[in-house]
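First up is the structure itself, then whatever we jot down about it.
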Amino acid sequence: DGPAEAAGKSYFQIGHTALSPDGRWLAWTVDEVGRRQYTLKVRDLASGRDLPDRIGGIAQKVLWAGDSRTLLVLEKDPVTLQALRVRTHRLGEPATASALVYEEKDPAFSLSLRQSRSQRYLFIRANSTQQNEWWYADARDPQLRWRPVRPREANLNYEVEHLGSDFVL
């Protein structure tokens with residue numbers, strides 16, 4: 001209930017909502033400062049109560065891994081607001097325990113997250129004006145082992161999707 005959540009706040013925007021694969025949890029992001037710096041919140045849909053889990057300074061989109069206990073978040077640089085790091089967060093663990101999955105060192109690139117339409121794969125996309133690079137992990141893999149779709153190559157931008165037993169580029 002956006003209006004109820006916004007009550008008494010000078011700024012409030014819901015960024016993204018994501019239902020866990022098992023349908024038990026709703027992850028959502030909220031910006032309460034107006035700088036597109038979102039905070040992760042998680043609600044138990046059975047009880048209607050929010051978990052104490054909070055991660056601030058992230059991009060609006062979050063993804064669930066297949067276990068319905070692990071979330072992927074994009075950590076933003078506090079000055080440039082560029083998404084530079086991907087972290088995993090396990091429900092019930094403190095934000096400080098969120099593990100670093102990928103960090104983009106080149107300031108010309110920004111990161112984004114996506115899930116395949118089949119919902120089998122999770123993707124990290126490093127994107128700049130003239131090139132990009134995609135990494136993937138099987139959403140059902142408890143280790144979330146990340147692999148490049150193909151190595152970064154100058155002047156190459158592409159999209160990737162999972163179809164049957166293949167990736168389509």
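In the structure tokens, chains take the letters A, B, ... in the order shown, each chain's residues start at 1, and ligands count up from 1 in the order shown.
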
Please report, as CSV, each residue of range 50-145 of chain A lying at most 9 Å from range 155-168 of chain A, together with the nearest pair of atoms and the separation in Å rounded to one decimal; use only C-alpha atoms, and order rows by chain and ascending residue number.
residue,atom,partner,partner_atom,distance
A:Gln115,CA,A:Glu161,CA,8.9
A:Ser116,CA,A:His162,CA,5.9
A:Arg117,CA,A:His162,CA,7.1
A:Ser118,CA,A:His162,CA,6.7
A:Gln119,CA,A:His162,CA,8.8
A:Arg120,CA,A:His162,CA,8.0
A:Tyr121,CA,A:His162,CA,7.5
A:Phe123,CA,A:Val160,CA,8.8
A:Asn127,CA,A:Asn157,CA,8.2
A:Ser128,CA,A:Asn157,CA,8.7
A:Thr129,CA,A:Asn157,CA,8.5
A:Gln130,CA,A:Asn155,CA,5.0
A:Gln131,CA,A:Asn157,CA,4.6
A:Asn132,CA,A:Asn157,CA,5.2
A:Glu133,CA,A:Asn157,CA,7.8
A:Trp134,CA,A:Val160,CA,7.7

For the selection you just gave me, I'd like the residues written to a file as a short mmCIF file (atom, residue, chain, number, x, y, z; two decimals), in the first residue's frame, keeping all heavy atoms.
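Output (selection02.cif):
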data_model
loop_
_atom_site.label_atom_id
_atom_site.label_comp_id
_atom_site.auth_asym_id
_atom_site.auth_seq_id
_atom_site.Cartn_x
_atom_site.Cartn_y
_atom_site.Cartn_z
N GLN A 115 16.53 -11.57 -15.41
CA GLN A 115 16.26 -13.00 -15.36
C GLN A 115 15.76 -13.43 -16.72
O GLN A 115 15.05 -12.68 -17.40
CB GLN A 115 15.20 -13.30 -14.31
CG GLN A 115 15.00 -14.78 -14.08
CD GLN A 115 14.14 -15.04 -12.85
OE1 GLN A 115 13.33 -14.22 -12.45
NE2 GLN A 115 14.33 -16.20 -12.25
N SER A 116 16.15 -14.63 -17.15
CA SER A 116 15.68 -15.13 -18.44
C SER A 116 14.17 -15.33 -18.41
O SER A 116 13.58 -15.53 -17.35
CB SER A 116 16.39 -16.44 -18.81
OG SER A 116 16.02 -17.47 -17.91
N ARG A 117 13.55 -15.27 -19.56
CA ARG A 117 12.10 -15.47 -19.62
C ARG A 117 11.71 -16.86 -19.13
O ARG A 117 10.63 -17.06 -18.60
CB ARG A 117 11.60 -15.25 -21.05
CG ARG A 117 11.64 -13.81 -21.44
CD ARG A 117 11.05 -13.57 -22.80
NE ARG A 117 11.25 -12.16 -23.14
CZ ARG A 117 11.49 -11.73 -24.33
NH1 ARG A 117 11.55 -12.55 -25.35
NH2 ARG A 117 11.66 -10.44 -24.55
N SER A 118 12.62 -17.82 -19.30
CA SER A 118 12.36 -19.18 -18.80
C SER A 118 12.47 -19.25 -17.28
O SER A 118 12.10 -20.25 -16.69
CB SER A 118 13.36 -20.16 -19.42
OG SER A 118 14.67 -19.89 -18.93
N GLN A 119 13.01 -18.21 -16.67
CA GLN A 119 13.28 -18.09 -15.23
C GLN A 119 14.35 -19.06 -14.75
O GLN A 119 14.57 -19.21 -13.56
CB GLN A 119 11.99 -18.23 -14.42
CG GLN A 119 10.99 -17.16 -14.74
CD GLN A 119 9.76 -17.20 -13.88
OE1 GLN A 119 9.53 -18.12 -13.13
NE2 GLN A 119 8.97 -16.16 -13.98
N ARG A 120 15.04 -19.70 -15.68
CA ARG A 120 16.09 -20.64 -15.30
C ARG A 120 17.42 -19.96 -15.03
O ARG A 120 18.22 -20.45 -14.22
CB ARG A 120 16.28 -21.69 -16.40
CG ARG A 120 17.37 -22.66 -16.03
CD ARG A 120 17.34 -23.91 -16.77
NE ARG A 120 18.48 -24.72 -16.38
CZ ARG A 120 18.92 -25.73 -17.07
NH1 ARG A 120 18.31 -26.09 -18.17
NH2 ARG A 120 19.97 -26.41 -16.66
N TYR A 121 17.69 -18.84 -15.70
CA TYR A 121 18.98 -18.18 -15.57
C TYR A 121 18.85 -16.76 -15.05
O TYR A 121 17.88 -16.05 -15.34
CB TYR A 121 19.73 -18.17 -16.91
CG TYR A 121 20.14 -19.54 -17.33
CD1 TYR A 121 19.38 -20.27 -18.24
CD2 TYR A 121 21.26 -20.15 -16.79
CE1 TYR A 121 19.74 -21.55 -18.62
CE2 TYR A 121 21.64 -21.44 -17.15
CZ TYR A 121 20.87 -22.13 -18.07
OH TYR A 121 21.22 -23.40 -18.43
N PHE A 123 21.07 -13.11 -14.98
CA PHE A 123 22.08 -12.44 -15.77
C PHE A 123 22.56 -11.17 -15.09
O PHE A 123 21.78 -10.45 -14.48
CB PHE A 123 21.53 -12.02 -17.14
CG PHE A 123 21.15 -13.16 -18.03
CD1 PHE A 123 19.82 -13.46 -18.26
CD2 PHE A 123 22.12 -13.92 -18.67
CE1 PHE A 123 19.45 -14.50 -19.10
CE2 PHE A 123 21.76 -14.97 -19.51
CZ PHE A 123 20.42 -15.25 -19.72
N ASN A 127 27.42 -2.77 -19.00
CA ASN A 127 27.07 -2.05 -20.21
C ASN A 127 27.77 -0.70 -20.29
O ASN A 127 27.85 0.02 -19.31
CB ASN A 127 25.55 -1.84 -20.24
CG ASN A 127 25.07 -1.37 -21.58
OD1 ASN A 127 25.35 -1.99 -22.59
ND2 ASN A 127 24.33 -0.27 -21.59
N SER A 128 28.29 -0.39 -21.48
CA SER A 128 28.79 0.95 -21.78
C SER A 128 28.21 1.36 -23.13
O SER A 128 27.41 0.62 -23.71
CB SER A 128 30.32 0.98 -21.80
OG SER A 128 30.82 0.40 -22.98
N THR A 129 28.61 2.47 -23.63
CA THR A 129 28.03 2.98 -24.87
C THR A 129 28.27 2.06 -26.06
O THR A 129 27.37 1.79 -26.84
CB THR A 129 28.59 4.38 -25.20
OG1 THR A 129 28.34 5.22 -24.07
CG2 THR A 129 27.93 4.97 -26.42
N GLN A 130 29.49 1.53 -26.19
CA GLN A 130 29.83 0.78 -27.38
C GLN A 130 30.10 -0.71 -27.15
O GLN A 130 30.45 -1.41 -28.10
CB GLN A 130 31.03 1.41 -28.08
CG GLN A 130 30.69 2.79 -28.61
CD GLN A 130 31.81 3.37 -29.43
OE1 GLN A 130 32.97 3.02 -29.27
NE2 GLN A 130 31.47 4.26 -30.34
N GLN A 131 29.95 -1.16 -25.94
CA GLN A 131 30.14 -2.60 -25.71
C GLN A 131 29.46 -3.03 -24.42
O GLN A 131 29.16 -2.20 -23.56
CB GLN A 131 31.62 -2.98 -25.67
CG GLN A 131 32.40 -2.39 -24.53
CD GLN A 131 33.88 -2.71 -24.63
OE1 GLN A 131 34.36 -3.24 -25.62
NE2 GLN A 131 34.62 -2.40 -23.60
N ASN A 132 29.20 -4.31 -24.34
CA ASN A 132 28.67 -4.86 -23.11
C ASN A 132 29.21 -6.26 -22.90
O ASN A 132 29.88 -6.83 -23.77
CB ASN A 132 27.14 -4.82 -23.07
CG ASN A 132 26.48 -5.65 -24.14
OD1 ASN A 132 27.06 -6.55 -24.72
ND2 ASN A 132 25.22 -5.36 -24.41
N GLU A 133 28.91 -6.79 -21.73
CA GLU A 133 29.33 -8.14 -21.38
C GLU A 133 28.24 -8.71 -20.47
O GLU A 133 27.71 -8.02 -19.60
CB GLU A 133 30.66 -8.09 -20.63
CG GLU A 133 31.18 -9.44 -20.21
CD GLU A 133 32.52 -9.31 -19.49
OE1 GLU A 133 32.73 -8.35 -18.75
OE2 GLU A 133 33.35 -10.19 -19.69
N TRP A 134 27.91 -9.98 -20.69
CA TRP A 134 26.89 -10.66 -19.90
C TRP A 134 27.51 -11.83 -19.15
O TRP A 134 28.35 -12.55 -19.70
CB TRP A 134 25.79 -11.20 -20.82
CG TRP A 134 24.95 -10.17 -21.47
CD1 TRP A 134 25.29 -9.40 -22.56
CD2 TRP A 134 23.63 -9.78 -21.13
NE1 TRP A 134 24.26 -8.58 -22.90
CE2 TRP A 134 23.22 -8.80 -22.04
CE3 TRP A 134 22.75 -10.19 -20.14
CZ2 TRP A 134 21.96 -8.21 -21.99
CZ3 TRP A 134 21.50 -9.60 -20.08
CH2 TRP A 134 21.12 -8.62 -21.00
#

Subject >> Close residues, range 17-31 of chain A itself excluded, 12 Å, only C-alpha atoms, min 6 positions apart in chain, as a VMD selection string >> reply: chain A and resid 1 to 2 5 to 6 9 to 11 37 to 51 53 to 74 89 to 91 114 to 115 119 to 120 139 to 140

**OP:** From the DSSP assignment of the backbone, select every residue of range 82-165 of chain A that is strand (DSSP E), and format the answer as number ranges by chain.
**Re:** A: 83-90, 99-103, 110-115, 121-127, 132-138, 147-148, 161-163

File of the preceding selection, N, CA, C and O atoms, as a compact mmCIF listing (two decimals), in the first residue's frame:
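Output contents, as saved in part_12.txt:
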# COMPACT_ATOMS: atom_id res chain seq x y z
N ALA A 83 25.58 1.85 -10.69
CA ALA A 83 25.56 0.49 -10.16
C ALA A 83 26.87 -0.20 -10.51
O ALA A 83 27.15 -0.44 -11.69
N LEU A 84 27.66 -0.52 -9.49
CA LEU A 84 29.01 -1.05 -9.72
C LEU A 84 29.27 -2.43 -9.13
O LEU A 84 30.23 -3.08 -9.50
N ARG A 85 28.45 -2.87 -8.18
CA ARG A 85 28.69 -4.15 -7.52
C ARG A 85 27.40 -4.95 -7.43
O ARG A 85 26.33 -4.40 -7.14
N VAL A 86 27.52 -6.26 -7.64
CA VAL A 86 26.40 -7.18 -7.44
C VAL A 86 26.70 -7.97 -6.17
O VAL A 86 27.79 -8.50 -6.01
N ARG A 87 25.71 -8.03 -5.29
CA ARG A 87 25.84 -8.77 -4.05
C ARG A 87 24.68 -9.74 -3.90
O ARG A 87 23.61 -9.51 -4.44
N THR A 88 24.92 -10.84 -3.17
CA THR A 88 23.83 -11.74 -2.81
C THR A 88 23.48 -11.47 -1.35
O THR A 88 24.35 -11.21 -0.52
N HIS A 89 22.19 -11.53 -1.07
CA HIS A 89 21.71 -11.36 0.29
C HIS A 89 20.81 -12.55 0.63
O HIS A 89 19.86 -12.83 -0.09
N ARG A 90 21.15 -13.25 1.71
CA ARG A 90 20.31 -14.37 2.18
C ARG A 90 19.38 -13.85 3.25
O ARG A 90 19.81 -13.13 4.16
N ALA A 99 27.32 -11.14 0.22
CA ALA A 99 28.56 -11.52 -0.47
C ALA A 99 28.70 -10.80 -1.80
O ALA A 99 27.73 -10.67 -2.56
N LEU A 100 29.90 -10.34 -2.09
CA LEU A 100 30.20 -9.71 -3.37
C LEU A 100 30.26 -10.78 -4.46
O LEU A 100 30.99 -11.76 -4.33
N VAL A 101 29.49 -10.59 -5.51
CA VAL A 101 29.45 -11.53 -6.63
C VAL A 101 30.28 -11.01 -7.80
O VAL A 101 31.02 -11.74 -8.44
N TYR A 102 30.12 -9.72 -8.08
CA TYR A 102 30.79 -9.12 -9.25
C TYR A 102 30.99 -7.64 -8.96
O TYR A 102 30.10 -6.98 -8.41
N GLU A 103 32.16 -7.12 -9.34
CA GLU A 103 32.43 -5.69 -9.21
C GLU A 103 32.98 -5.18 -10.53
O GLU A 103 33.94 -5.76 -11.08
N SER A 110 28.25 0.33 -16.42
CA SER A 110 27.28 0.26 -15.35
C SER A 110 26.64 -1.12 -15.39
O SER A 110 26.54 -1.73 -16.46
N LEU A 111 26.18 -1.60 -14.26
CA LEU A 111 25.63 -2.95 -14.17
C LEU A 111 24.11 -2.95 -14.10
O LEU A 111 23.50 -2.01 -13.59
N SER A 112 23.53 -4.03 -14.59
CA SER A 112 22.10 -4.26 -14.44
C SER A 112 21.88 -5.76 -14.24
O SER A 112 22.76 -6.58 -14.52
N LEU A 113 20.69 -6.11 -13.76
CA LEU A 113 20.31 -7.49 -13.51
C LEU A 113 19.10 -7.86 -14.35
O LEU A 113 18.24 -7.02 -14.59
N ARG A 114 19.05 -9.11 -14.76
CA ARG A 114 17.90 -9.61 -15.51
C ARG A 114 17.74 -11.09 -15.26
O ARG A 114 18.70 -11.79 -14.99
N GLN A 115 16.53 -11.57 -15.41
CA GLN A 115 16.26 -13.00 -15.36
C GLN A 115 15.76 -13.43 -16.72
O GLN A 115 15.05 -12.68 -17.40
N TYR A 121 17.69 -18.84 -15.70
CA TYR A 121 18.98 -18.18 -15.57
C TYR A 121 18.85 -16.76 -15.05
O TYR A 121 17.88 -16.05 -15.34
N LEU A 122 19.88 -16.35 -14.30
CA LEU A 122 20.03 -14.98 -13.85
C LEU A 122 21.18 -14.38 -14.64
O LEU A 122 22.17 -15.08 -14.93
N PHE A 123 21.07 -13.11 -14.98
CA PHE A 123 22.08 -12.44 -15.77
C PHE A 123 22.56 -11.17 -15.09
O PHE A 123 21.78 -10.45 -14.48
N ILE A 124 23.86 -10.93 -15.21
CA ILE A 124 24.48 -9.65 -14.87
C ILE A 124 24.94 -9.06 -16.20
O ILE A 124 25.61 -9.73 -16.98
N ARG A 125 24.57 -7.82 -16.43
CA ARG A 125 24.99 -7.15 -17.67
C ARG A 125 25.85 -5.95 -17.30
O ARG A 125 25.43 -5.08 -16.54
N ALA A 126 27.07 -5.93 -17.83
CA ALA A 126 27.95 -4.77 -17.73
C ALA A 126 27.83 -4.03 -19.05
O ALA A 126 28.09 -4.60 -20.11
N ASN A 127 27.42 -2.77 -19.00
CA ASN A 127 27.07 -2.05 -20.21
C ASN A 127 27.77 -0.70 -20.29
O ASN A 127 27.85 0.02 -19.31
N ASN A 132 29.20 -4.31 -24.34
CA ASN A 132 28.67 -4.86 -23.11
C ASN A 132 29.21 -6.26 -22.90
O ASN A 132 29.88 -6.83 -23.77
N GLU A 133 28.91 -6.79 -21.73
CA GLU A 133 29.33 -8.14 -21.38
C GLU A 133 28.24 -8.71 -20.47
O GLU A 133 27.71 -8.02 -19.60
N TRP A 134 27.91 -9.98 -20.69
CA TRP A 134 26.89 -10.66 -19.90
C TRP A 134 27.51 -11.83 -19.15
O TRP A 134 28.35 -12.55 -19.70
N TRP A 135 27.06 -12.03 -17.92
CA TRP A 135 27.42 -13.17 -17.10
C TRP A 135 26.13 -13.88 -16.74
O TRP A 135 25.09 -13.24 -16.60
N TYR A 136 26.18 -15.19 -16.58
CA TYR A 136 24.97 -15.94 -16.24
C TYR A 136 25.25 -16.96 -15.15
O TYR A 136 26.37 -17.42 -14.97
N ALA A 137 24.17 -17.30 -14.43
CA ALA A 137 24.20 -18.37 -13.44
C ALA A 137 22.84 -19.06 -13.48
O ALA A 137 21.82 -18.43 -13.73
N ASP A 138 22.86 -20.35 -13.26
CA ASP A 138 21.62 -21.11 -13.17
C ASP A 138 20.93 -20.70 -11.86
O ASP A 138 21.52 -20.81 -10.78
N ARG A 147 29.30 -17.36 -14.97
CA ARG A 147 30.16 -17.59 -16.13
C ARG A 147 29.88 -16.51 -17.17
O ARG A 147 28.72 -16.11 -17.32
N PRO A 148 30.90 -16.09 -17.91
CA PRO A 148 30.63 -15.11 -18.98
C PRO A 148 29.92 -15.80 -20.15
O PRO A 148 30.22 -16.94 -20.48
N GLU A 161 19.28 -14.30 -24.41
CA GLU A 161 18.07 -14.92 -23.88
C GLU A 161 18.24 -16.42 -23.90
O GLU A 161 18.97 -16.96 -24.72
N HIS A 162 17.58 -17.09 -22.98
CA HIS A 162 17.62 -18.55 -22.90
C HIS A 162 16.43 -19.10 -23.67
O HIS A 162 15.30 -18.64 -23.52
N LEU A 163 16.71 -20.09 -24.52
CA LEU A 163 15.66 -20.74 -25.31
C LEU A 163 15.97 -22.22 -25.40
O LEU A 163 16.99 -22.60 -25.98

Subject >> Those in range 3-123 of chain A with helix (DSSP H, G or I) from DSSP, as a list in words >> reply: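 Put together, the selection reads Pro3, Ala4, Glu5, Ala6, Ala95, Thr96 and Ala97 of chain A.
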
**OP:** In Å, rounded to a single decimal, give me how far CA of Asp106 in chain A is from CA of Glu32 in chain A.
**Re:** 29.0 Å
